[in-house]
Amino acid sequence: MRNATLRKGPTPMPEPLDAIVEVRGISKSYGNVEALRSVDLDFPRGKLTSLLGPSGCGKTTLLKIIAGLVEADAGTISVNGRTVSKPGPERAFVFQDFALMPWATVLRNVAFGLELRGKAAAEREKVARHYIGEVGLSGFEDKYPHELSGGMRQRVGLARALSVDADVLLLDEPFSAVDEQNRRKFQEDLIRLRTNQNKTFIFVTHSIEEAVYISDRIVLLSPRPGRVSQIMEPDIDRSVDPDRIHRDKHYLDTVEEIWQGLKQYVD
Amino acid sequence: MASLRTEGGAVSLAPLTGRSEAKGWQDQPVLLRIASVVLFAGIWQIAGMIPVSFAFPTFFDTVTAFVGLIADGSLPRAYLSTLQPLILGVVLSAFLGVGLGTLCGLRRTGEWLLIPVFIVLQAAPVAAFIPMVTFIYGIGMTAKTLAVMILALPVIVLNTYKAVRNVNFSLVAMCQSFLGTRWQTVSKIILPDASPIIFAGLRLGVAAGFVGVVLAELLITPTGIGDLITFHRSRANYAEMYATIASIIALSTLTLVALQWIETRVFRPEKRGA
């Protein structure tokens, strides 16, 4: 095995330009287990930032605290400069297990965020149809979730999050319940979607390859207690053919370097 | 189309009746259901002809007696009297039961206050309460309605409570993250998600309600269906007695089928095709 430390890795984190989400001193314990200890982080506007780390590093907990779904023991979260503690219209969540209503069609599931906000049926369905098209599910509007594959279900989850027009999309291991082929396709689509939508993505994953492949910036978390161990910005040109990225030297080097860094935490 | 084919009784023709997806007679639920009823009636008829007991009429005697009971107006009159406490009791139990169950599922205080009571009620041989109800409320409509509710309510409350308690938490979190209010979470997520188990409880509750009303009419006041059964038994009109019993069983079954239909229509449309 080559010695990864001899190579020059991606440059260490420069100053953030414009942080849309600011995490300050967030701590969280579950009983005796310390999930997060005093985490400080900035998420730059319009970028895709991945939270990457082995299981038990508190990455999902941090995402849910940002979403307002879990309460932190200490610290604050600000979005667009305003401190938040509950879910808000500027954030939308994509769930690991999709969290689709099995009794509702794709159309109603996608429009559900707008339904909860009291938008008229015709208006919200128009928006929903648009985003169903954006995620590549046109023609499936009247299907029920159980009639779709795992990848398609998560596309519904993504379309639902896009429909409410939030500034920040929070994705909690969105591809972990999706099979490998669909995941690759979905990742490519996500890269394409990102360039179309002017949104900030915060993405939780345990897959190094996935993080390097899609992220502008990767936050590495170390476990027990969860804290930020490293921040890096893989400089990968995503305008080229997606299949070439997977064979790109810089891509492979970055994956290798992250693996060398995380190895010590894997038991 | 399917019903036309079944007239011939030729099971082997069944594949032709379906569209391309039909694979055999097992895929024709209508045929199987009719076959089940025909088989049952046939066994009944044979058992009556043997006869198993002098008090056991044949199927055709029973059907004839049933037509006679409708013609002379005694069966419709009996149902008019039975259905009032039954419908009242069942409807009250359904709304009260689902309401209380939901409340207990959502709030700890409700759970601690009410659930033990209903667990005891469900475990108790409730028919023993009926003389007590008569003692307190007399022999009128109130006593009969109460008899229905005592039997129907516990299972509805307990099923609803369990269903609400075990709701898919991920969906609740989803509703909250998309800014659903408490009320929206209950009405748009918790109740639809719990509806299959709630409806299972409702079906059991409605069936128990039928038991309650017949018990009440046998034990409290000789009116309605209970009276009709007692009357024909005392005169050894066994065919009429069986016709009355069969009619209330049929009504109970039809009510449960209707309930299932409502469930898939209104609450869980994704199960309609299944």
# chains A, B, ... in the order shown; residues from 1 in each chain; ligands from 1

$ residues_around --residues "A:Phe112" --least-positions-apart "5" --cutoff "12 Å" --atoms "only C-alpha atoms" --output "ChimeraX atom specification"
/A:99-101,104-107,117-121,124-125,127-128,156-157,159-164 /B:171,174-180,184-185,188-189

$ interface_residues --of "chain B" --to "chain A" --cutoff "12 Å" --atoms "only C-alpha atoms" --output "PyMOL selection string"
chain B and resi 167-185+187-196+263-274

$ select_by_dssp --residues "stretch 170-210 of chain A" --states "strand (DSSP E or B)" --output "mmCIF file with N, CA and C atoms, in the first residue's frame"
data_model
loop_
_atom_site.group_PDB
_atom_site.id
_atom_site.type_symbol
_atom_site.label_atom_id
_atom_site.label_comp_id
_atom_site.auth_asym_id
_atom_site.auth_seq_id
_atom_site.Cartn_x
_atom_site.Cartn_y
_atom_site.Cartn_z
ATOM 1 N N LEU A 170 -31.651 19.492 3.353
ATOM 2 C CA LEU A 170 -30.927 18.623 4.278
ATOM 3 C C LEU A 170 -31.209 17.185 3.877
ATOM 4 N N LEU A 171 -30.159 16.460 3.504
ATOM 5 C CA LEU A 171 -30.358 15.087 3.021
ATOM 6 C C LEU A 171 -29.677 14.116 3.975
ATOM 7 N N ASP A 172 -30.480 13.242 4.571
ATOM 8 C CA ASP A 172 -29.969 12.301 5.564
ATOM 9 C C ASP A 172 -29.737 10.940 4.914
ATOM 10 N N THR A 200 -28.608 25.405 -1.336
ATOM 11 C CA THR A 200 -27.536 24.874 -0.505
ATOM 12 C C THR A 200 -27.921 23.469 -0.089
ATOM 13 N N PHE A 201 -27.003 22.527 -0.258
ATOM 14 C CA PHE A 201 -27.277 21.157 0.131
ATOM 15 C C PHE A 201 -26.378 20.776 1.305
ATOM 16 N N ILE A 202 -26.981 20.171 2.307
ATOM 17 C CA ILE A 202 -26.190 19.554 3.378
ATOM 18 C C ILE A 202 -26.526 18.073 3.363
ATOM 19 N N PHE A 203 -25.495 17.277 3.211
ATOM 20 C CA PHE A 203 -25.668 15.900 2.803
ATOM 21 C C PHE A 203 -24.948 14.994 3.801
ATOM 22 N N VAL A 204 -25.681 14.111 4.422
ATOM 23 C CA VAL A 204 -25.043 13.174 5.344
ATOM 24 C C VAL A 204 -24.797 11.854 4.616
ATOM 25 N N THR A 205 -23.603 11.329 4.728
ATOM 26 C CA THR A 205 -23.322 10.044 4.095
ATOM 27 C C THR A 205 -22.227 9.319 4.861
#

$ atom_distance --atom1 "atom CA of B:Thr58" --atom2 "atom CA of B:Thr255"
25.9 Å

$ residues_around --residues "stretch 218-234 of chain A" --least-positions-apart "3" --cutoff "8 Å" --atoms "only C-alpha atoms" --output "PDB file with N, CA and C atoms, in the first residue's frame"
ATOM      1  N   PRO A  10      -5.776  17.668  -0.794  1.00  0.00           N
ATOM      2  CA  PRO A  10      -6.491  18.909  -1.112  1.00  0.00           C
ATOM      3  C   PRO A  10      -6.131  19.986  -0.095  1.00  0.00           C
ATOM      4  N   THR A  11      -6.210  21.197  -0.523  1.00  0.00           N
ATOM      5  CA  THR A  11      -5.810  22.297   0.354  1.00  0.00           C
ATOM      6  C   THR A  11      -6.704  22.355   1.571  1.00  0.00           C
ATOM      7  N   PRO A  12      -6.165  22.682   2.754  1.00  0.00           N
ATOM      8  CA  PRO A  12      -6.991  22.838   3.940  1.00  0.00           C
ATOM      9  C   PRO A  12      -7.980  23.983   3.761  1.00  0.00           C
ATOM     10  N   MET A  13      -8.988  23.950   4.611  1.00  0.00           N
ATOM     11  CA  MET A  13     -10.121  24.859   4.452  1.00  0.00           C
ATOM     12  C   MET A  13      -9.766  26.336   4.451  1.00  0.00           C
ATOM     13  N   VAL A  33     -24.243   8.636  26.400  1.00  0.00           N
ATOM     14  CA  VAL A  33     -23.488   8.672  25.149  1.00  0.00           C
ATOM     15  C   VAL A  33     -23.421  10.113  24.637  1.00  0.00           C
ATOM     16  N   GLU A  34     -22.208  10.575  24.452  1.00  0.00           N
ATOM     17  CA  GLU A  34     -22.023  11.936  23.960  1.00  0.00           C
ATOM     18  C   GLU A  34     -21.982  11.887  22.441  1.00  0.00           C
ATOM     19  N   ALA A  35     -23.039  12.352  21.809  1.00  0.00           N
ATOM     20  CA  ALA A  35     -23.127  12.260  20.352  1.00  0.00           C
ATOM     21  C   ALA A  35     -22.331  13.370  19.688  1.00  0.00           C
ATOM     22  N   LEU A  36     -22.433  14.586  20.212  1.00  0.00           N
ATOM     23  CA  LEU A  36     -21.725  15.724  19.631  1.00  0.00           C
ATOM     24  C   LEU A  36     -21.137  16.565  20.753  1.00  0.00           C
ATOM     25  N   ARG A  37     -19.897  17.018  20.568  1.00  0.00           N
ATOM     26  CA  ARG A  37     -19.304  17.887  21.577  1.00  0.00           C
ATOM     27  C   ARG A  37     -18.846  19.190  20.923  1.00  0.00           C
ATOM     28  N   SER A  38     -19.514  20.250  21.304  1.00  0.00           N
ATOM     29  CA  SER A  38     -19.117  21.608  20.939  1.00  0.00           C
ATOM     30  C   SER A  38     -18.689  21.743  19.472  1.00  0.00           C
ATOM     31  N   VAL A  39     -19.635  21.493  18.573  1.00  0.00           N
ATOM     32  CA  VAL A  39     -19.333  21.535  17.148  1.00  0.00           C
ATOM     33  C   VAL A  39     -19.549  22.949  16.599  1.00  0.00           C
ATOM     34  N   ASP A  40     -18.536  23.480  15.918  1.00  0.00           N
ATOM     35  CA  ASP A  40     -18.650  24.762  15.212  1.00  0.00           C
ATOM     36  C   ASP A  40     -18.452  24.490  13.722  1.00  0.00           C
ATOM     37  N   THR A  49     -22.372  20.539   0.834  1.00  0.00           N
ATOM     38  CA  THR A  49     -21.434  20.131   1.877  1.00  0.00           C
ATOM     39  C   THR A  49     -21.843  18.765   2.396  1.00  0.00           C
ATOM     40  N   SER A  50     -20.881  17.869   2.483  1.00  0.00           N
ATOM     41  CA  SER A  50     -21.179  16.541   3.027  1.00  0.00           C
ATOM     42  C   SER A  50     -20.677  16.433   4.453  1.00  0.00           C
ATOM     43  N   LEU A  51     -21.480  15.805   5.281  1.00  0.00           N
ATOM     44  CA  LEU A  51     -21.028  15.417   6.614  1.00  0.00           C
ATOM     45  C   LEU A  51     -20.674  13.945   6.518  1.00  0.00           C
ATOM     46  N   LEU A  52     -19.401  13.644   6.696  1.00  0.00           N
ATOM     47  CA  LEU A  52     -18.923  12.291   6.458  1.00  0.00           C
ATOM     48  C   LEU A  52     -18.255  11.755   7.712  1.00  0.00           C
ATOM     49  N   GLY A  53     -18.525  10.519   8.010  1.00  0.00           N
ATOM     50  CA  GLY A  53     -17.857   9.922   9.157  1.00  0.00           C
ATOM     51  C   GLY A  53     -18.384   8.536   9.419  1.00  0.00           C
ATOM     52  N   PRO A  54     -17.677   7.759  10.234  1.00  0.00           N
ATOM     53  CA  PRO A  54     -18.148   6.422  10.553  1.00  0.00           C
ATOM     54  C   PRO A  54     -19.405   6.481  11.404  1.00  0.00           C
ATOM     55  N   SER A  55     -20.082   5.358  11.547  1.00  0.00           N
ATOM     56  CA  SER A  55     -21.314   5.377  12.334  1.00  0.00           C
ATOM     57  C   SER A  55     -20.980   5.727  13.780  1.00  0.00           C
ATOM     58  N   GLY A  56     -21.868   6.484  14.402  1.00  0.00           N
ATOM     59  CA  GLY A  56     -21.632   6.905  15.776  1.00  0.00           C
ATOM     60  C   GLY A  56     -20.918   8.244  15.882  1.00  0.00           C
ATOM     61  N   CYS A  57     -20.668   8.909  14.733  1.00  0.00           N
ATOM     62  CA  CYS A  57     -19.979  10.191  14.808  1.00  0.00           C
ATOM     63  C   CYS A  57     -20.960  11.342  14.959  1.00  0.00           C
ATOM     64  N   GLY A  58     -22.251  11.036  14.976  1.00  0.00           N
ATOM     65  CA  GLY A  58     -23.245  12.073  15.225  1.00  0.00           C
ATOM     66  C   GLY A  58     -23.613  12.901  14.012  1.00  0.00           C
ATOM     67  N   LYS A  59     -23.315  12.394  12.812  1.00  0.00           N
ATOM     68  CA  LYS A  59     -23.594  13.210  11.624  1.00  0.00           C
ATOM     69  C   LYS A  59     -25.088  13.382  11.380  1.00  0.00           C
ATOM     70  N   ALA A 211     -19.301  10.993  -1.092  1.00  0.00           N
ATOM     71  CA  ALA A 211     -19.001  12.338  -0.616  1.00  0.00           C
ATOM     72  C   ALA A 211     -18.056  13.044  -1.583  1.00  0.00           C
ATOM     73  N   VAL A 212     -16.996  12.360  -2.004  1.00  0.00           N
ATOM     74  CA  VAL A 212     -16.015  12.992  -2.891  1.00  0.00           C
ATOM     75  C   VAL A 212     -16.650  13.272  -4.252  1.00  0.00           C
ATOM     76  N   SER A 215     -19.548  16.297  -3.569  1.00  0.00           N
ATOM     77  CA  SER A 215     -19.472  17.448  -2.660  1.00  0.00           C
ATOM     78  C   SER A 215     -18.549  18.546  -3.150  1.00  0.00           C
ATOM     79  N   TYR A 251      -9.820  12.400  -7.982  1.00  0.00           N
ATOM     80  CA  TYR A 251     -10.946  11.798  -7.263  1.00  0.00           C
ATOM     81  C   TYR A 251     -10.469  10.605  -6.440  1.00  0.00           C
ATOM     82  N   THR A 254      -8.257  11.601  -3.470  1.00  0.00           N
ATOM     83  CA  THR A 254      -9.016  12.196  -2.357  1.00  0.00           C
ATOM     84  C   THR A 254      -9.718  11.109  -1.552  1.00  0.00           C
ATOM     85  N   LEU A 262      -9.810   8.195   8.155  1.00  0.00           N
ATOM     86  CA  LEU A 262     -10.940   7.636   8.923  1.00  0.00           C
ATOM     87  C   LEU A 262     -10.643   6.247   9.486  1.00  0.00           C
ATOM     88  N   TYR A 265     -10.725   5.149  13.125  1.00  0.00           N
ATOM     89  CA  TYR A 265     -11.963   5.158  13.902  1.00  0.00           C
ATOM     90  C   TYR A 265     -12.822   3.928  13.649  1.00  0.00           C
TER      91      TYR A 265
END

$ select_by_dssp --residues "stretch 5-225 of chain B" --states "helix (DSSP H, G or I)" --output "VMD selection string"
chain B and resid 5 to 8 11 to 17 25 to 27 29 to 49 59 to 71 74 to 106 108 to 123 126 to 137 141 to 165 169 to 177 182 to 219 224 to 225

$ residues_around --residues "A:Gln181" --least-positions-apart "5" --cutoff "12 Å" --atoms "only C-alpha atoms" --output "PDB file with N, CA and C atoms, in the first residue's frame"
ATOM      1  N   SER A 149     -39.719   1.775  -7.263  1.00  0.00           N
ATOM      2  CA  SER A 149     -38.479   1.196  -6.724  1.00  0.00           C
ATOM      3  C   SER A 149     -37.908   2.132  -5.668  1.00  0.00           C
ATOM      4  N   GLY A 150     -36.931   1.643  -4.915  1.00  0.00           N
ATOM      5  CA  GLY A 150     -36.321   2.452  -3.869  1.00  0.00           C
ATOM      6  C   GLY A 150     -35.770   3.775  -4.398  1.00  0.00           C
ATOM      7  N   GLY A 151     -35.088   3.695  -5.535  1.00  0.00           N
ATOM      8  CA  GLY A 151     -34.527   4.915  -6.117  1.00  0.00           C
ATOM      9  C   GLY A 151     -35.608   5.914  -6.487  1.00  0.00           C
ATOM     10  N   PHE A 175     -29.276   7.967  -0.092  1.00  0.00           N
ATOM     11  CA  PHE A 175     -29.121   6.839  -1.017  1.00  0.00           C
ATOM     12  C   PHE A 175     -28.828   5.525  -0.310  1.00  0.00           C
ATOM     13  N   PHE A 186     -28.655   8.277  -9.603  1.00  0.00           N
ATOM     14  CA  PHE A 186     -29.243   9.326  -8.786  1.00  0.00           C
ATOM     15  C   PHE A 186     -28.193  10.383  -8.438  1.00  0.00           C
ATOM     16  N   GLN A 187     -26.965   9.928  -8.142  1.00  0.00           N
ATOM     17  CA  GLN A 187     -25.892  10.872  -7.835  1.00  0.00           C
ATOM     18  C   GLN A 187     -25.611  11.782  -9.025  1.00  0.00           C
ATOM     19  N   GLU A 188     -25.603  11.186 -10.211  1.00  0.00           N
ATOM     20  CA  GLU A 188     -25.394  11.999 -11.417  1.00  0.00           C
ATOM     21  C   GLU A 188     -26.498  13.041 -11.557  1.00  0.00           C
TER      22      GLU A 188
END

$ residues_around --residues "A:Ile20" --least-positions-apart "5" --cutoff "10 Å" --atoms "only C-alpha atoms" --output "compact mmCIF listing (two decimals) with C-alpha atoms, in the first residue's frame"
# COMPACT_ATOMS: atom_id res chain seq x y z
CA ASP A 42 -20.21 27.01 8.61
CA PHE A 43 -22.07 25.86 5.54
CA PRO A 44 -21.39 28.08 2.51
CA ARG A 45 -24.35 29.29 0.48
CA GLY A 46 -25.06 27.53 -2.79
CA LYS A 47 -22.63 24.69 -2.12
CA SER A 78 -28.49 30.18 12.61
CA VAL A 79 -29.93 30.10 9.13
CA ASN A 80 -29.64 33.27 7.05
CA GLY A 81 -28.40 35.01 10.19
CA ARG A 82 -31.44 34.11 12.29
CA ASP A 167 -32.94 27.66 0.63
CA VAL A 168 -31.30 24.71 2.34
CA THR A 200 -27.54 24.87 -0.51

$ closest_residue --among "B:Gly89, B:Gly68, B:Gly205, B:Gly140" --to "B:Gln122" --atoms "only C-alpha atoms"
B:Gly205

$ residues_around --residues "A:Leu190" --least-positions-apart "6" --cutoff "12 Å" --atoms "only C-alpha atoms" --output "list in words"
Leu48, Glu134, Val135, Gly136, Gln154, Arg155, Leu158, Ala159, Leu162, Leu169, Leu171, Pro174, Phe175, Asn182, Arg183, Arg184, Asn196, Gln197, Lys199, Phe201, Phe203, Glu210, Tyr213, Ile214, Ser215, Arg238 and Pro242 of chain A

$ write_last_selection --atoms "C-alpha atoms" --output "JSON list (two decimals), in the first residue's frame"
[["chain", "number", "residue", "atom", "x", "y", "z"],
["A", 48, "LEU", "CA", -23.07, 21.02, -1.41],
["A", 134, "GLU", "CA", -37.24, 17.74, -12.54],
["A", 135, "VAL", "CA", -36.37, 14.53, -10.70],
["A", 136, "GLY", "CA", -37.32, 12.42, -13.72],
["A", 154, "GLN", "CA", -36.25, 8.75, -2.90],
["A", 155, "ARG", "CA", -36.75, 10.87, -6.01],
["A", 158, "LEU", "CA", -36.32, 14.89, -3.13],
["A", 159, "ALA", "CA", -39.10, 16.40, -5.24],
["A", 162, "LEU", "CA", -37.65, 20.90, -3.69],
["A", 169, "LEU", "CA", -31.88, 21.06, 1.55],
["A", 171, "LEU", "CA", -30.36, 15.09, 3.02],
["A", 174, "PRO", "CA", -30.65, 9.65, 1.03],
["A", 175, "PHE", "CA", -29.12, 6.84, -1.02],
["A", 182, "ASN", "CA", -29.82, 3.44, -9.00],
["A", 183, "ARG", "CA", -27.56, 5.24, -6.58],
["A", 184, "ARG", "CA", -24.99, 5.99, -9.30],
["A", 196, "ASN", "CA", -30.07, 24.10, -12.04],
["A", 197, "GLN", "CA", -31.34, 24.85, -8.56],
["A", 199, "LYS", "CA", -29.78, 25.85, -3.36],
["A", 201, "PHE", "CA", -27.28, 21.16, 0.13],
["A", 203, "PHE", "CA", -25.67, 15.90, 2.80],
["A", 210, "GLU", "CA", -20.23, 9.37, -2.65],
["A", 213, "TYR", "CA", -18.09, 12.46, -6.01],
["A", 214, "ILE", "CA", -20.82, 14.99, -5.27],
["A", 215, "SER", "CA", -19.47, 17.45, -2.66],
["A", 238, "ARG", "CA", -18.03, 17.89, -12.54],
["A", 242, "PRO", "CA", -19.77, 11.53, -14.84]]

$ residues_around --residues "stretch 244-246 of chain B" --least-positions-apart "6" --cutoff "12 Å" --atoms "only C-alpha atoms" --output "PyMOL selection string"
chain B and resi 41+59+62-70+74-76+78-79+210-211+214+224-233+237-238+252-253

$ write_last_selection --atoms "C-alpha atoms" --output "short mmCIF file (atom, residue, chain, number, x, y, z; two decimals), in the first residue's frame"
data_model
loop_
_atom_site.label_atom_id
_atom_site.label_comp_id
_atom_site.auth_asym_id
_atom_site.auth_seq_id
_atom_site.Cartn_x
_atom_site.Cartn_y
_atom_site.Cartn_z
CA ALA B 41 -75.78 -24.49 1.86
CA PHE B 59 -81.55 -25.10 4.08
CA THR B 62 -85.08 -22.12 6.33
CA VAL B 63 -85.10 -20.01 3.17
CA THR B 64 -88.86 -20.57 2.83
CA ALA B 65 -89.36 -19.58 6.45
CA PHE B 66 -87.26 -16.47 5.85
CA VAL B 67 -89.47 -15.40 2.94
CA GLY B 68 -92.51 -16.06 5.11
CA LEU B 69 -91.14 -13.95 7.96
CA ILE B 70 -90.56 -11.05 5.59
CA SER B 74 -92.59 -9.86 11.65
CA LEU B 75 -88.93 -9.84 10.60
CA PRO B 76 -88.89 -6.22 9.35
CA ALA B 78 -88.17 -7.01 14.69
CA TYR B 79 -85.26 -5.38 12.86
CA PHE B 210 -74.19 -7.44 17.38
CA VAL B 211 -73.47 -9.88 20.19
CA VAL B 214 -78.83 -9.99 20.77
CA GLY B 224 -86.81 -7.37 18.27
CA ILE B 225 -84.68 -10.17 16.90
CA GLY B 226 -84.05 -11.70 20.33
CA ASP B 227 -87.76 -11.92 20.91
CA LEU B 228 -88.37 -13.43 17.48
CA ILE B 229 -85.78 -16.13 18.19
CA THR B 230 -87.27 -16.89 21.63
CA PHE B 231 -90.83 -16.87 20.29
CA HIS B 232 -90.21 -19.32 17.45
CA ARG B 233 -88.14 -21.56 19.68
CA ASN B 237 -90.93 -23.28 14.63
CA TYR B 238 -87.34 -24.27 14.05
CA SER B 252 -73.47 -8.64 10.71
CA THR B 253 -71.28 -10.02 7.93
#

$ decode --residues "stretch 143-215 of chain B" --atoms "C-alpha atoms" --output "short mmCIF file (atom, residue, chain, number, x, y, z; two decimals), in the first residue's frame"
data_model
loop_
_atom_site.label_atom_id
_atom_site.label_comp_id
_atom_site.auth_asym_id
_atom_site.auth_seq_id
_atom_site.Cartn_x
_atom_site.Cartn_y
_atom_site.Cartn_z
CA ALA B 143 -80.06 -0.40 28.65
CA LYS B 144 -79.86 -2.04 25.24
CA THR B 145 -77.63 0.69 23.82
CA LEU B 146 -75.38 0.37 26.84
CA ALA B 147 -75.19 -3.39 26.38
CA VAL B 148 -73.98 -2.81 22.82
CA MET B 149 -71.43 -0.24 23.97
CA ILE B 150 -70.06 -2.31 26.84
CA LEU B 151 -69.18 -5.01 24.35
CA ALA B 152 -68.06 -2.84 21.45
CA LEU B 153 -66.13 -0.04 23.12
CA PRO B 154 -63.12 -1.76 24.77
CA VAL B 155 -61.76 -3.40 21.63
CA ILE B 156 -62.18 -0.20 19.61
CA VAL B 157 -60.42 1.91 22.25
CA LEU B 158 -57.56 -0.55 22.73
CA ASN B 159 -56.93 -1.07 19.02
CA THR B 160 -56.98 2.64 18.30
CA TYR B 161 -54.67 3.31 21.22
CA LYS B 162 -52.16 0.71 20.07
CA ALA B 163 -52.30 1.88 16.48
CA VAL B 164 -51.72 5.52 17.43
CA ARG B 165 -48.97 4.57 19.85
CA ASN B 166 -47.12 2.57 17.17
CA VAL B 167 -47.46 5.15 14.43
CA ASN B 168 -44.57 5.40 11.95
CA PHE B 169 -42.41 7.98 13.71
CA SER B 170 -40.54 8.85 10.56
CA LEU B 171 -43.77 10.11 8.99
CA VAL B 172 -44.51 12.22 12.06
CA ALA B 173 -41.02 13.75 11.85
CA MET B 174 -41.60 14.37 8.14
CA CYS B 175 -44.84 16.21 8.88
CA GLN B 176 -43.13 18.33 11.52
CA SER B 177 -40.18 19.15 9.29
CA PHE B 178 -42.57 20.37 6.61
CA LEU B 179 -44.17 22.63 9.21
CA GLY B 180 -47.28 20.57 9.93
CA THR B 181 -49.21 21.72 12.98
CA ARG B 182 -50.15 19.32 15.77
CA TRP B 183 -53.64 19.00 14.37
CA GLN B 184 -52.35 18.38 10.83
CA THR B 185 -49.98 15.72 12.17
CA VAL B 186 -52.89 13.90 13.81
CA SER B 187 -55.37 14.23 10.96
CA LYS B 188 -53.07 13.83 7.96
CA ILE B 189 -50.46 11.40 9.28
CA ILE B 190 -51.33 9.62 12.52
CA LEU B 191 -54.94 8.66 11.78
CA PRO B 192 -54.39 7.50 8.18
CA ASP B 193 -51.28 5.59 9.24
CA ALA B 194 -53.18 3.98 12.12
CA SER B 195 -56.34 3.35 10.10
CA PRO B 196 -55.74 -0.33 9.20
CA ILE B 197 -55.48 -1.29 12.88
CA ILE B 198 -58.23 1.12 13.89
CA PHE B 199 -60.49 -0.50 11.31
CA ALA B 200 -59.56 -3.97 12.50
CA GLY B 201 -60.73 -2.79 15.94
CA LEU B 202 -63.89 -1.32 14.47
CA ARG B 203 -64.72 -4.60 12.76
CA LEU B 204 -64.25 -6.51 16.00
CA GLY B 205 -66.22 -3.83 17.85
CA VAL B 206 -69.14 -3.91 15.43
CA ALA B 207 -69.25 -7.70 15.63
CA ALA B 208 -69.23 -7.43 19.43
CA GLY B 209 -72.03 -4.86 19.18
CA PHE B 210 -74.19 -7.44 17.38
CA VAL B 211 -73.47 -9.88 20.19
CA GLY B 212 -74.43 -7.18 22.69
CA VAL B 213 -77.77 -6.35 21.13
CA VAL B 214 -78.83 -9.99 20.77
CA LEU B 215 -77.73 -10.71 24.36
#
